[in-house]
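Text of the file final33.tsv, holding TSV, C-alpha atoms and all ligand atoms:
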chain	number	residue	atom	x	y	z
G	762	MET	CA	-49.27	-3.77	0.49
G	763	ARG	CA	-50.36	-4.85	-2.97
G	764	PRO	CA	-48.23	-7.22	-5.03
G	765	GLY	CA	-47.61	-6.32	-8.66
G	766	PRO	CA	-47.17	-8.75	-11.51
G	767	VAL	CA	-44.70	-11.59	-11.26
G	768	LEU	CA	-42.13	-11.02	-14.00
G	769	ILE	CA	-40.50	-13.86	-15.88
G	770	VAL	CA	-36.93	-12.90	-16.63
G	771	ALA	CA	-34.10	-14.64	-18.47
G	772	CYS	CA	-30.61	-14.83	-16.96
G	773	PRO	CA	-28.32	-12.58	-19.09
G	774	ARG	CA	-25.61	-15.26	-19.01
G	775	CYS	CA	-27.36	-18.57	-19.62
G	776	GLY	CA	-30.95	-17.65	-20.45
G	777	ALA	CA	-32.48	-19.74	-17.66
G	778	LEU	CA	-35.88	-18.35	-16.66
G	779	ALA	CA	-36.77	-17.13	-13.19
G	780	ARG	CA	-39.84	-15.66	-11.53
G	781	HIS	CA	-39.35	-12.31	-9.88
G	782	GLY	CA	-42.10	-10.74	-7.74
G	783	THR	CA	-42.83	-7.01	-7.90
G	784	LEU	CA	-44.73	-4.65	-5.66
G	785	ALA	CA	-47.58	-2.44	-6.92
G	786	SER	CA	-47.84	-0.33	-3.79
G	787	GLY	CA	-46.86	-0.31	-0.15
G	788	ASN	CA	-46.62	1.96	2.86
G	789	THR	CA	-44.33	2.61	5.80
G	790	PHE	CA	-46.89	1.68	8.48
G	791	GLY	CA	-45.09	0.09	11.43
G	792	ALA	CA	-41.67	0.93	9.98
G	793	ARG	CA	-38.57	0.88	12.18
G	794	LEU	CA	-35.53	3.01	11.32
G	795	TRP	CA	-32.10	1.58	12.06
G	796	SER	CA	-28.79	3.34	12.56
G	797	ASP	CA	-27.39	1.79	9.34
G	798	GLY	CA	-30.05	3.66	7.36
G	799	MET	CA	-32.30	0.68	6.81
G	800	LEU	CA	-36.00	1.39	7.08
G	801	ASP	CA	-37.53	-1.92	8.09
G	802	ALA	CA	-41.08	-1.56	6.79
G	803	PRO	CA	-43.25	-4.71	6.91
G	804	MET	CA	-45.58	-3.26	4.26
G	805	LEU	CA	-42.81	-2.00	2.00
G	806	PRO	CA	-40.15	-4.66	1.45
G	807	LEU	CA	-36.87	-3.61	-0.14
G	808	PRO	CA	-36.93	-3.96	-3.91
G	809	ARG	CA	-34.94	-6.90	-5.14
G	810	GLU	CA	-32.14	-5.63	-7.36
G	811	VAL	CA	-29.95	-8.69	-7.73
G	812	GLY	CA	-30.75	-12.35	-8.07
G	813	ARG	CA	-28.83	-15.58	-8.32
G	814	CYS	CA	-29.56	-17.75	-11.33
G	815	THR	CA	-30.78	-21.24	-10.49
G	816	GLY	CA	-29.38	-22.36	-13.87
G	817	CYS	CA	-25.72	-21.21	-13.92
G	818	GLY	CA	-25.42	-20.12	-10.29
G	819	LYS	CA	-24.17	-16.64	-11.24
G	820	TYR	CA	-25.49	-13.32	-9.97
G	821	TYR	CA	-27.15	-10.72	-12.17
G	822	TRP	CA	-28.90	-7.37	-11.99
G	823	LEU	CA	-32.59	-8.00	-12.48
G	824	GLU	CA	-32.96	-4.77	-14.47
G	825	ALA	CA	-30.42	-6.16	-16.95
G	826	ALA	CA	-32.39	-9.36	-17.43
G	827	ARG	CA	-34.68	-9.66	-20.44
G	828	GLU	CA	-38.33	-9.87	-19.50
G	829	VAL	CA	-40.00	-12.71	-21.38
G	830	GLY	CA	-43.43	-12.56	-19.80
G	831	SER	CA	-45.44	-11.71	-16.73
G	832	VAL	CA	-48.01	-13.43	-14.60
G	833	ASP	CA	-50.80	-11.99	-12.48
G	834	ALA	CA	-50.29	-14.47	-9.65
G	835	PHE	CA	-53.15	-13.05	-7.60
G	836	ALA	CA	-55.77	-13.41	-10.36
G	837	ASP	CA	-54.48	-16.89	-11.21
G	838	ALA	CA	-54.75	-17.94	-7.56
G	839	LEU	CA	-58.35	-16.68	-7.43
G	840	ARG	CA	-59.19	-18.67	-10.57
G	841	GLY	CA	-57.36	-21.68	-9.19
G	842	ALA	CA	-55.41	-21.71	-12.43
G	843	ARG	CA	-51.77	-22.56	-12.93
G	844	ASP	CA	-49.92	-20.14	-15.15
G	845	GLU	CA	-47.84	-21.25	-18.10
G	846	TYR	CA	-44.67	-20.43	-16.16
G	847	SER	CA	-45.58	-22.34	-13.01
G	848	ALA	CA	-42.55	-24.63	-13.42
G	849	VAL	CA	-40.17	-21.63	-13.50
G	850	PRO	CA	-38.35	-21.25	-10.15
G	851	TRP	CA	-38.30	-18.05	-8.13
G	852	VAL	CA	-35.12	-16.05	-8.44
G	853	GLU	CA	-32.89	-16.93	-5.48
G	854	ASP	CA	-32.54	-14.48	-2.64
G	855	VAL	CA	-29.10	-13.02	-1.96
G	856	ASP	CA	-27.48	-13.15	1.48
G	857	GLU	CA	-24.43	-11.27	2.80
G	858	ALA	CA	-21.95	-13.76	1.32
G	859	GLY	CA	-23.90	-13.69	-1.95
G	860	TYR	CA	-23.42	-9.93	-2.29
G	861	TYR	CA	-19.67	-10.43	-1.77
G	862	ARG	CA	-19.70	-13.05	-4.52
G	863	ALA	CA	-21.70	-10.73	-6.78
G	864	LEU	CA	-18.98	-8.09	-6.26
G	865	GLN	CA	-16.31	-10.68	-7.10
G	866	GLU	CA	-18.24	-11.56	-10.26
G	867	GLY	CA	-18.00	-7.93	-11.35
G	868	LEU	CA	-21.54	-6.67	-10.68
G	869	GLY	CA	-20.20	-3.54	-8.97
G	870	SER	CA	-19.08	-2.12	-12.31
G	871	ASN	CA	-19.53	1.51	-11.29
G	872	ARG	CA	-19.57	3.40	-7.99
G	873	LYS	CA	-23.37	3.49	-7.77
G	874	LYS	CA	-23.70	-0.25	-8.30
G	875	GLU	CA	-20.80	-1.09	-5.99
G	876	ARG	CA	-22.28	1.12	-3.29
G	877	LEU	CA	-25.67	-0.57	-3.56
G	878	LEU	CA	-24.15	-4.06	-3.33
G	879	ARG	CA	-21.98	-3.10	-0.36
G	880	MET	CA	-24.92	-1.44	1.42
G	881	ARG	CA	-27.09	-4.52	0.91
G	882	ALA	CA	-24.35	-6.82	2.20
G	883	TRP	CA	-24.01	-4.62	5.29
G	884	TRP	CA	-27.78	-4.55	5.90
G	885	ARG	CA	-27.97	-8.31	5.41
G	886	ARG	CA	-25.32	-8.81	8.05
G	887	ASN	CA	-27.08	-6.44	10.45
G	888	ASP	CA	-30.42	-8.21	9.85
G	889	ALA	CA	-29.27	-10.79	12.43
G	890	PHE	CA	-29.57	-8.08	15.10
G	891	ARG	CA	-32.94	-6.57	14.16
G	892	GLU	CA	-35.28	-9.16	15.63
G	893	GLU	CA	-36.79	-8.81	19.08
G	894	GLY	CA	-34.37	-10.19	21.67
G	895	LYS	CA	-31.49	-10.47	19.17
G	896	ALA	CA	-29.95	-7.01	19.53
G	897	ALA	CA	-26.18	-6.72	18.99
G	898	PRO	CA	-24.28	-7.26	22.26
G	899	ALA	CA	-23.24	-4.20	24.27
G	900	GLY	CA	-20.39	-2.51	22.44
G	901	GLY	CA	-21.23	-4.37	19.21
G	902	ALA	CA	-20.48	-7.77	17.70
G	903	GLU	CA	-17.06	-8.74	16.41
G	904	LEU	CA	-16.64	-8.05	12.68
G	905	PRO	CA	-15.51	-10.91	10.46
G	906	GLU	CA	-12.76	-9.98	7.99
G	907	ALA	CA	-15.07	-9.90	4.94
G	908	CYS	CA	-17.46	-7.56	6.72
G	909	ARG	CA	-14.67	-5.24	7.87
G	910	LEU	CA	-13.25	-5.02	4.32
G	911	ASN	CA	-16.74	-4.32	2.98
G	912	LEU	CA	-17.31	-1.49	5.46
G	913	GLU	CA	-13.90	0.05	4.74
G	914	ALA	CA	-14.64	0.02	1.00
G	915	LEU	CA	-18.12	1.43	1.63
G	916	ALA	CA	-16.71	4.28	3.73
G	917	GLY	CA	-14.54	5.17	0.73
G	918	LEU	CA	-17.59	5.29	-1.52
G	919	LEU	CA	-19.60	7.48	0.87
G	920	ASP	CA	-17.54	10.58	0.21
G	921	GLY	CA	-20.38	12.78	-1.06
G	922	LYS	CA	-21.37	16.08	0.48
G	923	LYS	CA	-25.04	15.13	0.96
G	924	VAL	CA	-26.02	14.97	4.62
G	925	ASP	CA	-27.51	11.48	4.20
G	926	ASP	CA	-24.19	10.24	2.81
G	927	ARG	CA	-22.23	11.85	5.63
G	928	LEU	CA	-24.50	10.27	8.25
G	929	LEU	CA	-24.06	6.87	6.58
G	930	ARG	CA	-20.30	7.33	6.47
G	931	ALA	CA	-20.28	8.23	10.17
G	932	GLU	CA	-22.34	5.11	10.90
G	933	VAL	CA	-19.98	2.87	8.90
G	934	LEU	CA	-17.02	4.30	10.84
G	935	ARG	CA	-18.87	3.83	14.14
G	936	GLU	CA	-19.58	0.18	13.33
G	937	LEU	CA	-15.87	-0.19	12.47
G	938	GLY	CA	-15.11	1.12	15.97
G	939	GLN	CA	-13.60	4.37	14.63
G	940	PHE	CA	-15.54	6.49	17.11
G	941	GLY	CA	-13.40	9.63	16.89
G	942	ALA	CA	-13.71	9.88	13.10
G	943	ALA	CA	-17.45	9.20	13.31
G	944	ARG	CA	-17.92	11.88	15.96
G	945	ALA	CA	-16.06	14.48	13.90
G	946	ILE	CA	-18.51	13.97	11.02
G	947	LEU	CA	-21.59	13.90	13.25
G	948	ALA	CA	-20.58	17.06	15.10
G	949	SER	CA	-20.43	18.89	11.76
G	950	VAL	CA	-24.03	18.06	10.77
G	951	ARG	CA	-26.01	21.31	10.90
G	952	SER	CA	-29.18	20.28	9.09
G	953	PRO	CA	-32.16	20.50	11.52
G	954	LYS	CA	-33.88	17.66	9.63
G	955	HIS	CA	-31.00	15.31	10.43
G	956	ALA	CA	-30.19	16.59	13.92
G	957	GLY	CA	-32.19	13.87	15.70
G	958	VAL	CA	-30.37	11.04	13.93
G	959	ALA	CA	-26.97	12.72	14.36
G	960	ARG	CA	-27.61	13.17	18.09
G	961	GLN	CA	-28.51	9.50	18.55
G	962	LEU	CA	-25.47	8.30	16.60
G	963	LEU	CA	-23.24	10.66	18.64
G	964	ALA	CA	-24.61	9.18	21.87
G	965	LEU	CA	-23.72	5.68	20.59
G	966	CYS	CA	-20.18	6.88	19.81
G	967	GLU	CA	-19.83	8.34	23.31
G	968	ALA	CA	-20.91	4.97	24.72
G	969	ARG	CA	-18.29	3.28	22.45
G	970	ASP	CA	-21.06	1.13	21.07
G	971	ALA	CA	-20.36	-0.25	17.56
G	972	GLY	CA	-23.55	-2.29	17.23
G	973	VAL	CA	-26.41	-1.52	14.85
G	974	ARG	CA	-29.24	0.04	16.88
G	975	GLU	CA	-32.83	0.99	16.26
G	976	LEU	CA	-33.30	4.75	16.20
G	977	ARG	CA	-36.17	6.69	17.70
G	978	LEU	CA	-38.15	8.51	15.04
G	979	GLU	CA	-38.20	12.08	16.28
G	980	GLY	CA	-40.45	14.79	14.97
H	1001	ZN	ZN	-27.83	-18.22	-15.56
Serialized structure, structure tokens:
Amino acid sequence: MRPGPVLIVACPRCGALARHGTLASGNTFGARLWSDGMLDAPMLPLPREVGRCTGCGKYYWLEAAREVGSVDAFADALRGARDEYSAVPWVEDVDEAGYYRALQEGLGSNRKKERLLRMRAWWRRNDAFREEGKAAPAGGAELPEACRLNLEALAGLLDGKKVDDRLLRAEVLRELGQFGAARAILASVRSPKHAGVARQLLALCEARDAGVRELRLEG
């Protein structure tokens, strides 16, 4: 994994500056695939799409933020130098509740954006069950109201015909405990490339398990 430049961006609302790290290259070595579609790759972290401004406290899309400079943090560290933006804080990370607030603040202004925010909120919630020894309890954990509403809205957005979308929709329904509806979708997946995932999700439905689970990567 090789870090890229650190970008200095200005909040579109208040102009406060933030540092935002980028990635030059990575790989999927040691990656674990989860039933919610998240590929947990230590050498390829998820790109950060949204940040919270440390100035005004609002959320914004990083791609919509004006770039005012960049810093080669690695070269500076080697030189022992401090860059001219060293006082600028890192953009704040966004947790599950933060993605819900970002949606309330209107960042999900089209279906693609809303889907991304809802997916990230879902993955954030499931992150609690990805660590060794912290797997979701048998049958799955209870869903708080905000999470249930998020998954119901996400299921409505995953109405495409692409197999990946249908598998995700089935998984959302499974985690909502709607096993029959999930099974109907999974049973209709004919693509050989997706058969392994569909089979594993079907088995979880049969077991009436609504928890996020790690999948076996099958050839
Ligand atoms: Zn701001």
Inset, instruction - Work out how far apart CA of Glu866 (chain G) and CA of Tyr820 (chain G) are and give it in Å to one decimal. - result: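 The value is 7.5 Å.
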Inset, instruction - Would you mind reading off the distance between CA of Gly869 (chain G) and CA of Ser796 (chain G), one decimal, in Å? - result: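 Rounded to one decimal, the two atoms are 24.2 Å apart.
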Inset, instruction - Calculate how many Å separate CA of Arg960 (chain G) from CA of Leu919 (chain G), rounding to one decimal. - result: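 Between CA of Arg960 (chain G) and CA of Leu919 (chain G) the gap works out to 19.8 Å.
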From (-26.8, -9.8, 2.3), in the file's coordinates, out to 8 Å: which residues are reached, counting only C-alpha atoms? Answer as a PDB file with C-alpha atoms, keeping the file's coordinate frame.
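So the final result, stored in selection07.pdb, reads:
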ATOM      1  CA  VAL G 855     -29.100 -13.020  -1.960  1.00  0.00           C
ATOM      2  CA  ASP G 856     -27.480 -13.150   1.480  1.00  0.00           C
ATOM      3  CA  GLU G 857     -24.430 -11.270   2.800  1.00  0.00           C
ATOM      4  CA  ALA G 858     -21.950 -13.760   1.320  1.00  0.00           C
ATOM      5  CA  GLY G 859     -23.900 -13.690  -1.950  1.00  0.00           C
ATOM      6  CA  TYR G 860     -23.420  -9.930  -2.290  1.00  0.00           C
ATOM      7  CA  ARG G 881     -27.090  -4.520   0.910  1.00  0.00           C
ATOM      8  CA  ALA G 882     -24.350  -6.820   2.200  1.00  0.00           C
ATOM      9  CA  TRP G 883     -24.010  -4.620   5.290  1.00  0.00           C
ATOM     10  CA  TRP G 884     -27.780  -4.550   5.900  1.00  0.00           C
ATOM     11  CA  ARG G 885     -27.970  -8.310   5.410  1.00  0.00           C
ATOM     12  CA  ARG G 886     -25.320  -8.810   8.050  1.00  0.00           C
TER      13      ARG G 886
END
Please identify every residue of chain G that has at least one atom no farther than 9 Å from an atom of ligand ZN 1001 (chain H), counting all atoms listed in the file, and for each give the shortest atom pair and the distance in Å to one decimal, arranged by chain then increasing number, as CSV.
residue,atom,partner,partner_atom,distance
G:Ala771,CA,H:ZN1001,ZN,7.8
G:Cys772,CA,H:ZN1001,ZN,4.6
G:Pro773,CA,H:ZN1001,ZN,6.7
G:Arg774,CA,H:ZN1001,ZN,5.1
G:Cys775,CA,H:ZN1001,ZN,4.1
G:Gly776,CA,H:ZN1001,ZN,5.8
G:Ala777,CA,H:ZN1001,ZN,5.3
G:Leu778,CA,H:ZN1001,ZN,8.1
G:Arg813,CA,H:ZN1001,ZN,7.8
G:Cys814,CA,H:ZN1001,ZN,4.6
G:Thr815,CA,H:ZN1001,ZN,6.6
G:Gly816,CA,H:ZN1001,ZN,4.7
G:Cys817,CA,H:ZN1001,ZN,4.0
G:Gly818,CA,H:ZN1001,ZN,6.1
G:Lys819,CA,H:ZN1001,ZN,5.9
G:Tyr820,CA,H:ZN1001,ZN,7.8
G:Tyr821,CA,H:ZN1001,ZN,8.3
Legend entry - Residue with smallest distance to Val852 (chain G) - pool G:Leu918, G:Leu928, G:Leu768, G:Leu868, counting only C-alpha atoms: G:Leu768
Inset, instruction - Measuring atom to atom with all atoms listed in the file, identify which of G:Arg809, G:Lys922, G:Arg909, G:Arg977 is nearest to Leu877 (chain G). - result: G:Arg809
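Among G:Gly841, G:Ser786, G:Asn887, G:Gly921, the residue with the shortest atom-to-atom distance to Lys873 (chain G), counting all atoms listed in the file, is G:Gly921.
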Inset, instruction - May I have the residues at most 8 Å from (-47.3, -9.3, -12.4) in the file's coordinates, counting all atoms listed in the file, as a list in words? - result: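 Residues satisfying the cut-off, written out: Pro764, Gly765, Pro766, Val767, Leu768, Gly782, Thr783, Ser831, Val832, Asp833 and Ala834 of chain G.
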Any chance you could export the current selection's C-alpha atoms as a short mmCIF file (atom, residue, chain, number, x, y, z; two decimals), keeping the file's coordinate frame?
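Result went into part.cif, see below:
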data_model
loop_
_atom_site.label_atom_id
_atom_site.label_comp_id
_atom_site.auth_asym_id
_atom_site.auth_seq_id
_atom_site.Cartn_x
_atom_site.Cartn_y
_atom_site.Cartn_z
CA PRO G 764 -48.23 -7.22 -5.03
CA GLY G 765 -47.61 -6.32 -8.66
CA PRO G 766 -47.17 -8.75 -11.51
CA VAL G 767 -44.70 -11.59 -11.26
CA LEU G 768 -42.13 -11.02 -14.00
CA GLY G 782 -42.10 -10.74 -7.74
CA THR G 783 -42.83 -7.01 -7.90
CA SER G 831 -45.44 -11.71 -16.73
CA VAL G 832 -48.01 -13.43 -14.60
CA ASP G 833 -50.80 -11.99 -12.48
CA ALA G 834 -50.29 -14.47 -9.65
#
Legend entry - Using only C-alpha atoms: which of G:Ala899, G:Leu965, G:Leu912, G:Ala971 has the shortest distance to Glu936 (chain G):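 Selected residue with least distance to Glu936 (chain G): G:Ala971.
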Inset, instruction - Choose the residue, out of G:Arg862, G:Arg969, G:Lys874, G:His781, that has the smallest atom-to-atom separation from Arg935 (chain G); count only C-alpha atoms. - result: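 Result for the nearest residue to Arg935 (chain G): G:Arg969.
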Inset, instruction - Have a look at G:Val933, G:Ala959, G:Met804, G:Val950 and name the one nearest to Glu913 (chain G); count all atoms listed in the file. - result: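 Looking only at the distances to Glu913 (chain G), the closest residue turns out to be G:Val933.
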For Arg793 (chain G), work out the shell of residues within 7 Å, counting all atoms listed in the file and skipping chain neighbours fewer than 4 positions away, then give it as a PDB file with C-alpha atoms, in the coordinates of the input.
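Output below, filename selection_5.pdb:
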ATOM      1  CA  LEU G 800     -36.000   1.390   7.080  1.00  0.00           C
ATOM      2  CA  ASP G 801     -37.530  -1.920   8.090  1.00  0.00           C
ATOM      3  CA  ALA G 802     -41.080  -1.560   6.790  1.00  0.00           C
TER       4      ALA G 802
END
